[in-house]
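**Q** What follows is the file query_34.cif, containing mmCIF, C-alpha atoms:
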data_work
loop_
_atom_site.label_atom_id
_atom_site.label_comp_id
_atom_site.auth_asym_id
_atom_site.auth_seq_id
_atom_site.Cartn_x
_atom_site.Cartn_y
_atom_site.Cartn_z
CA MET A 16 0.00 0.00 0.00
CA SER A 17 1.16 3.56 -0.75
CA GLN A 18 -0.17 6.93 0.39
CA ILE A 19 0.90 10.55 -0.11
CA LEU A 20 1.05 13.17 2.65
CA ARG A 21 1.18 16.74 1.33
CA LEU A 22 2.93 19.25 3.58
CA GLN A 23 2.00 22.92 3.92
CA ASP A 24 5.16 24.57 2.62
CA ASN A 25 8.93 24.16 2.31
CA GLU A 26 9.52 25.14 5.95
CA HIS A 27 7.16 22.40 7.17
CA ALA A 28 8.73 19.91 4.76
CA GLN A 29 12.22 20.69 6.07
CA ALA A 30 11.07 20.52 9.69
CA VAL A 31 9.35 17.15 9.29
CA SER A 32 12.31 15.69 7.38
CA GLY A 33 14.91 16.91 9.88
CA MET A 34 18.58 17.45 9.22
CA ARG A 35 19.65 15.09 6.40
CA ASP A 36 16.20 13.42 6.64
CA GLU A 37 17.00 12.07 10.14
CA TYR A 38 13.39 12.36 11.34
CA LEU A 39 12.08 10.48 8.31
CA ARG A 40 14.63 7.71 8.94
CA LEU A 41 13.41 7.40 12.55
CA VAL A 42 9.80 7.05 11.39
CA GLU A 43 10.78 4.53 8.69
CA ALA A 44 12.61 2.37 11.24
CA ALA A 45 9.74 2.53 13.73
CA PHE A 46 7.02 1.40 11.30
CA ASP A 47 9.09 -0.57 8.78
CA VAL A 48 8.00 1.62 5.86
CA LYS A 49 9.68 3.55 3.06
CA ILE A 50 9.25 7.35 2.90
CA VAL A 51 10.29 9.21 -0.25
CA PRO A 52 10.21 13.06 -0.20
CA ARG A 53 9.07 14.66 -3.45
CA GLY A 54 8.84 18.41 -3.04
CA LEU A 55 6.01 19.05 -0.57
CA ASP A 56 4.82 15.43 -0.84
CA LEU A 57 5.92 12.44 1.23
CA LEU A 58 5.28 9.10 -0.50
CA ILE A 59 4.76 6.39 2.17
CA SER A 60 4.99 2.70 1.18
CA GLY A 61 4.54 -0.39 3.34
CA SER A 62 1.87 -2.62 4.86
CA ASP A 63 -1.63 -1.14 5.18
CA GLU A 64 -1.50 -0.77 8.97
CA ALA A 65 2.06 0.60 8.97
CA VAL A 66 1.26 3.22 6.32
CA VAL A 67 -1.80 4.43 8.26
CA LYS A 68 0.22 4.72 11.50
CA THR A 69 3.10 6.43 9.69
CA LYS A 70 0.82 8.99 8.09
CA LYS A 71 -0.77 9.72 11.47
CA ALA A 72 2.65 10.24 13.10
CA LEU A 73 3.90 12.48 10.27
CA THR A 74 0.69 14.55 10.32
CA ASN A 75 1.11 15.05 14.06
CA MET A 76 4.74 16.08 13.54
CA ALA A 77 3.81 18.48 10.73
CA GLY A 78 1.38 20.29 13.04
CA LEU A 79 4.30 21.63 15.09
CA GLY A 80 6.03 23.08 12.04
CA THR A 81 9.46 24.58 12.73
CA ASP A 82 9.08 23.99 16.51
CA LEU A 83 9.46 20.22 15.98
CA THR A 84 12.18 18.55 18.09
CA SER A 85 13.62 15.05 18.14
CA HIS A 86 11.63 14.29 21.30
CA ASP A 87 8.42 15.33 19.51
CA VAL A 88 9.26 12.85 16.76
CA TYR A 89 9.77 9.99 19.23
CA TYR A 90 6.56 10.92 21.03
CA ALA A 91 4.54 11.19 17.80
CA ILE A 92 5.75 7.70 16.88
CA LYS A 93 4.79 6.32 20.30
CA LEU A 94 1.34 7.91 20.17
CA SER A 95 0.68 6.45 16.73
CA GLU A 96 1.94 3.01 17.78
CA ASN A 97 -0.45 3.03 20.77
CA GLY A 98 -3.39 4.38 18.80
CA ASP A 99 -3.43 7.51 20.97
CA SER A 100 -5.21 10.49 19.40
CA THR A 101 -3.30 13.15 21.39
CA ASP A 102 -2.50 16.16 19.21
CA LEU A 103 1.02 17.56 19.65
CA THR A 104 -0.20 21.04 18.71
CA GLU A 105 -2.55 20.98 21.72
CA LEU A 106 0.38 20.13 24.00
CA SER A 107 2.51 22.89 22.49
CA ALA A 108 -0.23 25.44 23.20
CA GLY A 109 0.34 25.10 26.95
CA ASN A 110 3.46 27.28 27.18
CA VAL A 111 4.66 27.68 30.78
CA ILE A 112 7.40 30.31 30.39
CA THR A 113 10.10 31.54 28.02
CA THR A 114 13.71 31.29 29.21
CA HIS A 115 16.19 34.17 29.14
CA ARG A 116 17.52 32.75 25.85
CA GLY A 117 14.07 32.81 24.25
CA LYS A 118 13.45 29.05 24.51
CA VAL A 119 9.79 28.22 25.16
CA ILE A 120 9.18 25.74 27.97
CA ARG A 121 6.05 23.71 27.34
CA PRO A 122 4.67 20.28 28.19
CA LYS A 123 5.97 17.68 25.76
CA THR A 124 3.77 14.74 26.72
CA SER A 125 0.18 14.14 27.87
CA GLY A 126 1.46 13.38 31.36
CA GLN A 127 3.40 16.64 31.51
CA ARG A 128 0.35 18.59 30.31
CA ARG A 129 -1.69 16.98 33.09
CA TYR A 130 1.06 17.92 35.57
CA VAL A 131 1.02 21.58 34.49
CA ASP A 132 -2.79 21.62 34.80
CA PHE A 133 -2.54 20.11 38.30
CA MET A 134 -0.14 22.88 39.37
CA SER A 135 -2.56 25.56 38.16
CA ARG A 136 -5.55 24.01 39.95
CA ASN A 137 -4.14 22.80 43.30
CA ASP A 138 -2.28 24.41 46.20
CA ILE A 139 -0.26 21.22 46.82
CA VAL A 140 0.84 18.90 44.02
CA PHE A 141 2.81 15.67 44.28
CA ALA A 142 4.63 14.73 41.06
CA ILE A 143 5.77 11.11 41.20
CA GLY A 144 7.63 9.45 38.35
CA PRO A 145 10.96 8.22 37.01
CA ALA A 146 14.03 10.25 36.10
CA GLY A 147 13.80 12.42 33.00
CA THR A 148 10.06 13.12 33.11
CA GLY A 149 10.52 16.86 33.78
CA LYS A 150 9.14 16.83 37.34
CA THR A 151 11.58 19.37 38.77
CA TYR A 152 12.12 21.44 35.64
CA LEU A 153 8.41 22.04 34.97
CA ALA A 154 7.80 22.84 38.64
CA MET A 155 10.64 25.37 38.47
CA ALA A 156 9.20 26.89 35.28
CA ALA A 157 5.73 27.16 36.85
CA ALA A 158 7.21 28.73 40.00
CA ILE A 159 9.17 31.36 38.08
CA ALA A 160 6.10 32.10 35.93
CA SER A 161 4.08 32.67 39.14
CA LEU A 162 6.84 34.91 40.45
CA LYS A 163 6.88 37.03 37.30
CA LYS A 164 3.08 37.33 37.32
CA LYS A 165 3.34 38.50 40.97
CA GLU A 166 1.09 35.65 42.12
CA VAL A 167 3.75 34.90 44.77
CA GLU A 168 6.48 37.04 46.32
CA ARG A 169 9.26 34.49 46.59
CA LEU A 170 10.44 31.11 45.45
CA ILE A 171 11.79 28.56 47.93
CA LEU A 172 13.57 25.44 46.67
CA THR A 173 14.60 22.64 48.96
CA ARG A 174 15.63 19.00 48.98
CA PRO A 175 16.84 16.55 51.64
CA ALA A 176 20.63 16.29 51.90
CA VAL A 177 20.88 12.54 51.36
CA GLU A 178 23.81 10.91 49.56
CA ALA A 179 22.77 8.79 46.56
CA GLY A 180 24.33 5.48 47.50
CA GLU A 181 27.74 7.02 48.24
CA HIS A 182 29.47 8.23 51.37
CA LEU A 183 31.17 11.52 50.56
CA GLY A 184 32.71 11.94 54.00
CA PHE A 185 33.90 15.34 55.17
CA LEU A 186 33.34 18.19 52.72
CA PRO A 187 35.51 21.34 52.95
CA GLY A 188 34.22 24.91 53.22
CA ASP A 189 31.46 26.68 55.14
CA LEU A 190 27.91 25.41 55.60
CA GLN A 191 26.76 26.68 52.17
CA ASP A 192 29.72 24.95 50.50
CA LYS A 193 28.76 21.69 52.19
CA VAL A 194 25.11 21.70 51.11
CA ASP A 195 25.58 23.14 47.59
CA PRO A 196 26.46 19.76 45.97
CA TYR A 197 23.07 18.38 47.06
CA LEU A 198 21.27 21.41 45.58
CA ARG A 199 23.20 21.59 42.28
CA PRO A 200 20.32 20.27 40.09
CA LEU A 201 18.12 23.10 41.37
CA TYR A 202 20.78 25.70 40.55
CA ASP A 203 21.17 24.22 37.05
CA ALA A 204 17.45 24.61 36.33
CA LEU A 205 17.43 28.17 37.68
CA TYR A 206 20.42 29.18 35.54
CA ASP A 207 18.80 27.66 32.46
CA ILE A 208 15.48 29.45 32.90
CA LEU A 209 16.51 32.79 34.43
CA GLY A 210 20.16 33.16 33.46
CA GLN A 211 22.89 33.41 36.07
CA GLU A 212 22.78 37.21 36.34
CA THR A 213 19.03 37.37 37.09
CA TYR A 214 19.28 34.43 39.46
CA VAL A 215 22.06 36.14 41.47
CA LYS A 216 19.99 39.35 41.64
CA TYR A 217 16.91 37.48 42.90
CA ARG A 218 19.01 35.50 45.37
CA GLU A 219 20.62 38.64 46.82
CA LYS A 220 17.19 40.25 47.28
CA GLY A 221 15.85 37.15 49.03
CA ILE A 222 13.28 36.54 46.28
CA ILE A 223 14.78 33.10 45.62
CA GLU A 224 15.99 30.86 48.42
CA VAL A 225 17.70 27.51 47.91
CA ALA A 226 18.23 25.52 51.09
CA PRO A 227 18.37 21.98 52.48
CA LEU A 228 15.14 20.62 53.96
CA ALA A 229 16.44 20.87 57.53
CA TYR A 230 16.30 24.68 57.23
CA MET A 231 12.50 24.59 56.84
CA ARG A 232 11.74 23.58 60.44
CA GLY A 233 9.94 26.22 62.51
CA ARG A 234 9.05 28.47 59.56
CA THR A 235 5.70 29.57 58.13
CA LEU A 236 5.92 30.42 54.44
CA ASP A 237 3.34 32.93 53.16
CA ASP A 238 2.97 34.11 49.53
CA SER A 239 5.58 31.61 48.37
CA PHE A 240 5.97 28.95 45.71
CA ILE A 241 7.79 26.10 47.46
CA ILE A 242 9.36 23.13 45.66
CA LEU A 243 10.53 20.05 47.54
CA ASP A 244 12.72 18.00 45.20
CA GLU A 245 13.89 14.38 45.65
CA ALA A 246 11.08 13.90 48.16
CA GLN A 247 11.46 10.12 48.09
CA ASN A 248 14.43 10.70 50.44
CA CYS A 249 12.28 12.42 53.09
CA THR A 250 11.34 10.53 56.21
CA PRO A 251 7.63 10.62 57.22
CA GLU A 252 8.55 13.13 59.94
CA GLN A 253 10.30 15.42 57.45
CA MET A 254 7.37 15.21 55.03
CA LYS A 255 4.90 16.23 57.76
CA MET A 256 7.20 19.05 58.84
CA PHE A 257 7.47 20.37 55.27
CA LEU A 258 3.76 20.20 54.45
CA THR A 259 2.84 22.08 57.62
CA ARG A 260 5.06 25.04 56.62
CA LEU A 261 2.53 26.14 54.00
CA GLY A 262 1.16 29.63 54.70
CA PHE A 263 -1.50 31.87 53.15
CA GLY A 264 -1.16 32.55 49.43
CA SER A 265 1.39 29.75 48.98
CA LYS A 266 1.72 26.75 46.70
CA ALA A 267 3.87 23.67 47.14
CA VAL A 268 5.07 21.12 44.58
CA ILE A 269 6.67 17.93 45.86
CA THR A 270 8.59 15.83 43.32
CA GLY A 271 10.23 12.44 43.59
CA ASP A 272 10.91 9.00 42.16
CA ILE A 273 9.78 6.27 44.57
CA THR A 274 11.94 3.71 42.72
CA GLN A 275 15.13 5.54 43.75
CA VAL A 276 14.99 5.86 47.54
CA ASP A 277 18.41 6.54 49.09
CA LEU A 278 17.33 6.38 52.72
CA PRO A 279 19.10 3.87 55.01
CA ARG A 280 17.69 0.34 54.93
CA GLY A 281 14.62 0.05 57.12
CA LYS A 282 13.68 3.75 56.87
CA THR A 283 10.27 4.49 55.35
CA SER A 284 10.03 7.04 52.54
CA GLY A 285 7.69 9.89 53.43
CA LEU A 286 6.71 10.20 49.76
CA ILE A 287 5.53 6.59 49.64
CA GLN A 288 3.61 6.91 52.90
CA ILE A 289 1.97 10.27 52.09
CA GLN A 290 0.07 8.79 49.14
CA LYS A 291 -2.04 6.77 51.59
CA ILE A 292 -2.52 9.67 54.02
CA LEU A 293 -3.53 12.53 51.70
CA LYS A 294 -5.08 10.76 48.70
CA GLY A 295 -8.46 12.32 47.88
CA LEU A 296 -8.09 15.51 49.92
CA GLU A 297 -9.46 18.59 48.16
CA GLY A 298 -6.79 21.05 47.01
CA ILE A 299 -4.13 18.33 46.80
CA GLY A 300 -3.23 16.66 43.49
CA PHE A 301 -1.21 13.52 42.84
CA CYS A 302 0.21 13.44 39.32
CA TYR A 303 1.89 10.19 38.24
CA LEU A 304 4.32 10.25 35.32
CA ASN A 305 5.78 7.18 33.64
CA GLU A 306 8.38 6.12 31.08
CA SER A 307 6.30 7.53 28.20
CA ASP A 308 6.82 11.00 29.71
CA VAL A 309 10.63 10.77 29.65
CA VAL A 310 12.12 13.68 27.68
CA ARG A 311 15.79 12.73 27.85
CA HIS A 312 17.73 10.51 25.43
CA PRO A 313 15.46 7.74 24.07
CA LEU A 314 17.70 5.17 25.75
CA VAL A 315 16.64 6.52 29.16
CA GLN A 316 13.08 5.42 28.43
CA ARG A 317 14.26 1.94 27.46
CA ILE A 318 16.47 1.70 30.56
CA ILE A 319 13.52 2.57 32.82
CA GLU A 320 11.34 -0.03 31.07
CA ALA A 321 14.11 -2.65 31.46
CA TYR A 322 14.42 -1.92 35.19
CA ASP A 323 10.63 -2.16 35.60
CA LEU A 324 10.62 -5.58 33.91
CA PHE A 325 13.53 -6.73 36.07
CA ASP A 326 11.84 -5.54 39.28
CA LYS A 327 8.60 -7.33 38.33
CA SER A 328 10.48 -10.56 37.59
CA GLN A 329 12.25 -10.36 40.97
CA SER A 330 9.04 -9.79 42.90
#
Translate this structure into structure tokens?
**A**
Amino acid sequence: MSQILRLQDNEHAQAVSGMRDEYLRLVEAAFDVKIVPRGLDLLISGSDEAVVKTKKALTNMAGLGTDLTSHDVYYAIKLSENGDSTDLTELSAGNVITTHRGKVIRPKTSGQRRYVDFMSRNDIVFAIGPAGTGKTYLAMAAAIASLKKKEVERLILTRPAVEAGEHLGFLPGDLQDKVDPYLRPLYDALYDILGQETYVKYREKGIIEVAPLAYMRGRTLDDSFIILDEAQNCTPEQMKMFLTRLGFGSKAVITGDITQVDLPRGKTSGLIQIQKILKGLEGIGFCYLNESDVVRHPLVQRIIEAYDLFDKSQS
């Protein structure tokens, strides 16, 4: 069977093809078809089912035009394979913020779009999912967007200072030097979205605060957007302490991956426990992301799937 997909113009044709037709080669390999570009037309040849799925994926890709990225291509392929009717243009319409370099941050998967919606509708949101699903980055983008809209007066970022399977021993320097390595991923996201100069200015004015979780005890945080990252490494006591810091006009987003708990053996993760305690409470949202929401290298998605299969076989 053969079908022709006509593209809108040369810009769309170039975007869908990718550099040296790399996007077309990815689609060909995924559906075992042959795609031949002829001007604005793409001639698709293969089995009936494969051609239909290929055309659907390419149409979805074409909708994004020049904004198309390699992740969008992988996701369009996955949606078509699963018979999912999600439109990539609808996802791209949910822009969260534009970085200092002009890059638009937007949800790239259905799960991420649901996550962004949860953050707009709830005062407390728990984002639970594997590495690479954009939990922290999207929370940071939403927080900075709220800050710029003057919905909140400050941004507070925290995470528990727990070593990920390693014992680092004594670290030199003052207290800030000792905790900075644990908070580095938060700094990276801030630099990427705000730029280092703006971040430093906000930090000096106290508009942005980055601190280990232990610093939160005894505080009440009004008019703030608070992000607790790596929450799977909180104890139940720490989780309760953090959640009860929330003041008037504040929002909190708690992110974590319950498959990567670094607490000592025998210690319960507060993030695992809290799902049973708070599930169903009004104003609190639990958003679960999975391997289909991974926006890193495609191999990361396959690695997560392989670990899931291994864990199921062991249990």
**Q** Using only C-alpha atoms, which residue out of A:Gly271, A:Pro145, A:Val31, A:Thr81 lies closest to A:Tyr322?
**A**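 Of A:Gly271, A:Pro145, A:Val31, A:Thr81, the one nearest A:Tyr322, counting only C-alpha atoms, is A:Pro145.
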**Q** Of the candidates A:Gln316, A:Ser135, A:Gln329, A:Gln127, which shows the shortest atom-to-atom distance to A:Cys302, using only C-alpha atoms?
**A**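 Closest residue, counting only C-alpha atoms: A:Gln127.
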**Q** Run the PyMOL selection byres ((chain A and resi 43) around 12) against the file shown and list the residues it catches, as a ChimeraX atom specification.
**A** /A:32,36-42,44-51,57-61,65-66,68-70,72-73,88-89,92
**Q** Could you expand the PyMOL selection byres ((chain A and resi 117) around 12) into the explicit residues it covers here, written as a PyMOL selection string?
**A** chain A and resi 112-116+118-120+207-210
**Q** Take the residues from that selection and put them in a file with C-alpha atoms, as a compact mmCIF listing (two decimals), in the frame of the given file.
**A**
# COMPACT_ATOMS: atom_id res chain seq x y z
CA ILE A 112 7.40 30.31 30.39
CA THR A 113 10.10 31.54 28.02
CA THR A 114 13.71 31.29 29.21
CA HIS A 115 16.19 34.17 29.14
CA ARG A 116 17.52 32.75 25.85
CA LYS A 118 13.45 29.05 24.51
CA VAL A 119 9.79 28.22 25.16
CA ILE A 120 9.18 25.74 27.97
CA ASP A 207 18.80 27.66 32.46
CA ILE A 208 15.48 29.45 32.90
CA LEU A 209 16.51 32.79 34.43
CA GLY A 210 20.16 33.16 33.46
**Q** With a distance cut-off of 7 Å and all atoms listed in the file, select the neighbouring residues of A:Thr250, excluding the residue or stretch itself and same-chain residues fewer than 3 positions from it, and output the selection as a compact mmCIF listing (two decimals) with C-alpha atoms, in the frame of the given file.
**A**
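Resulting contents of selection_28.txt:
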# COMPACT_ATOMS: atom_id res chain seq x y z
CA GLN A 253 10.30 15.42 57.45
CA MET A 254 7.37 15.21 55.03
CA THR A 283 10.27 4.49 55.35
CA SER A 284 10.03 7.04 52.54
CA GLY A 285 7.69 9.89 53.43
**Q** Using the chain letters and numbers from this file, what does the PyMOL selection byres ((chain A and resi 75) around 12) select? Give the answer as JSON, numbers by chain.
**A** {"A": [20, 22, 27, 31, 68, 69, 70, 71, 72, 73, 74, 76, 77, 78, 79, 80, 83, 87, 88, 89, 90, 91, 92, 93, 94, 95, 99, 100, 101, 102, 103, 104, 105, 106, 107]}
**Q** Within 12 Å of (8.5, 1.2, 30.9) (coordinates as in the file), grab all the protein and nucleic acid residues, counting all atoms listed in the file, and write them out as a count of residues only.
**A** 24
**Q** Just checking: using all atoms listed in the file, which residue out of A:Val276, A:Ile292, A:Val225, A:Met16 ends up closest to A:Asp203?
**A**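 Closest candidate: A:Val225.
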**Q** In Å, with one decimal, what is the gap from atom CA of A:Tyr214 to atom CA of A:Leu170?
**A** 11.2 Å
**Q** Using all atoms listed in the file, which residues sit within 9 Å of A:Ile287 once same-chain residues fewer than 3 positions away are excluded, as a ChimeraX atom specification?
**A** /A:247,251,273,283-284,290-291
**Q** If I only have part of stretch 158-173 of chain A, can you fill in N, CA and C atoms and write it as a PDB file, keeping the file's coordinate frame?
**A**
ATOM      1  N   ALA A 158       6.928  27.852  38.855  1.00  0.00           N
ATOM      2  CA  ALA A 158       7.210  28.730  40.000  1.00  0.00           C
ATOM      3  C   ALA A 158       7.710  30.090  39.527  1.00  0.00           C
ATOM      4  N   ILE A 159       8.631  30.091  38.575  1.00  0.00           N
ATOM      5  CA  ILE A 159       9.170  31.360  38.080  1.00  0.00           C
ATOM      6  C   ILE A 159       8.095  32.141  37.327  1.00  0.00           C
ATOM      7  N   ALA A 160       7.216  31.429  36.605  1.00  0.00           N
ATOM      8  CA  ALA A 160       6.100  32.100  35.930  1.00  0.00           C
ATOM      9  C   ALA A 160       5.188  32.773  36.955  1.00  0.00           C
ATOM     10  N   SER A 161       4.906  32.092  38.072  1.00  0.00           N
ATOM     11  CA  SER A 161       4.080  32.670  39.140  1.00  0.00           C
ATOM     12  C   SER A 161       4.754  33.885  39.751  1.00  0.00           C
ATOM     13  N   LEU A 162       6.062  33.800  39.891  1.00  0.00           N
ATOM     14  CA  LEU A 162       6.840  34.910  40.450  1.00  0.00           C
ATOM     15  C   LEU A 162       6.753  36.135  39.552  1.00  0.00           C
ATOM     16  N   LYS A 163       6.902  35.912  38.243  1.00  0.00           N
ATOM     17  CA  LYS A 163       6.880  37.030  37.300  1.00  0.00           C
ATOM     18  C   LYS A 163       5.485  37.630  37.153  1.00  0.00           C
ATOM     19  N   LYS A 164       4.457  36.818  37.376  1.00  0.00           N
ATOM     20  CA  LYS A 164       3.080  37.330  37.320  1.00  0.00           C
ATOM     21  C   LYS A 164       2.670  37.973  38.646  1.00  0.00           C
ATOM     22  N   LYS A 165       3.586  37.951  39.630  1.00  0.00           N
ATOM     23  CA  LYS A 165       3.340  38.500  40.970  1.00  0.00           C
ATOM     24  C   LYS A 165       2.231  37.761  41.715  1.00  0.00           C
ATOM     25  N   GLU A 166       2.043  36.483  41.379  1.00  0.00           N
ATOM     26  CA  GLU A 166       1.090  35.650  42.120  1.00  0.00           C
ATOM     27  C   GLU A 166       1.691  35.243  43.467  1.00  0.00           C
ATOM     28  N   VAL A 167       3.033  35.166  43.519  1.00  0.00           N
ATOM     29  CA  VAL A 167       3.750  34.900  44.770  1.00  0.00           C
ATOM     30  C   VAL A 167       4.882  35.919  44.879  1.00  0.00           C
ATOM     31  N   GLU A 168       5.419  36.057  46.098  1.00  0.00           N
ATOM     32  CA  GLU A 168       6.480  37.040  46.320  1.00  0.00           C
ATOM     33  C   GLU A 168       7.873  36.429  46.351  1.00  0.00           C
ATOM     34  N   ARG A 169       7.940  35.125  46.556  1.00  0.00           N
ATOM     35  CA  ARG A 169       9.260  34.490  46.590  1.00  0.00           C
ATOM     36  C   ARG A 169       9.164  33.023  46.210  1.00  0.00           C
ATOM     37  N   LEU A 170      10.311  32.498  45.887  1.00  0.00           N
ATOM     38  CA  LEU A 170      10.440  31.110  45.450  1.00  0.00           C
ATOM     39  C   LEU A 170      11.412  30.405  46.392  1.00  0.00           C
ATOM     40  N   ILE A 171      10.956  29.306  46.989  1.00  0.00           N
ATOM     41  CA  ILE A 171      11.790  28.560  47.930  1.00  0.00           C
ATOM     42  C   ILE A 171      11.969  27.147  47.401  1.00  0.00           C
ATOM     43  N   LEU A 172      13.229  26.755  47.214  1.00  0.00           N
ATOM     44  CA  LEU A 172      13.570  25.440  46.670  1.00  0.00           C
ATOM     45  C   LEU A 172      14.340  24.663  47.719  1.00  0.00           C
ATOM     46  N   THR A 173      13.929  23.430  47.938  1.00  0.00           N
ATOM     47  CA  THR A 173      14.600  22.640  48.960  1.00  0.00           C
ATOM     48  C   THR A 173      14.636  21.168  48.559  1.00  0.00           C
TER      49      THR A 173
END
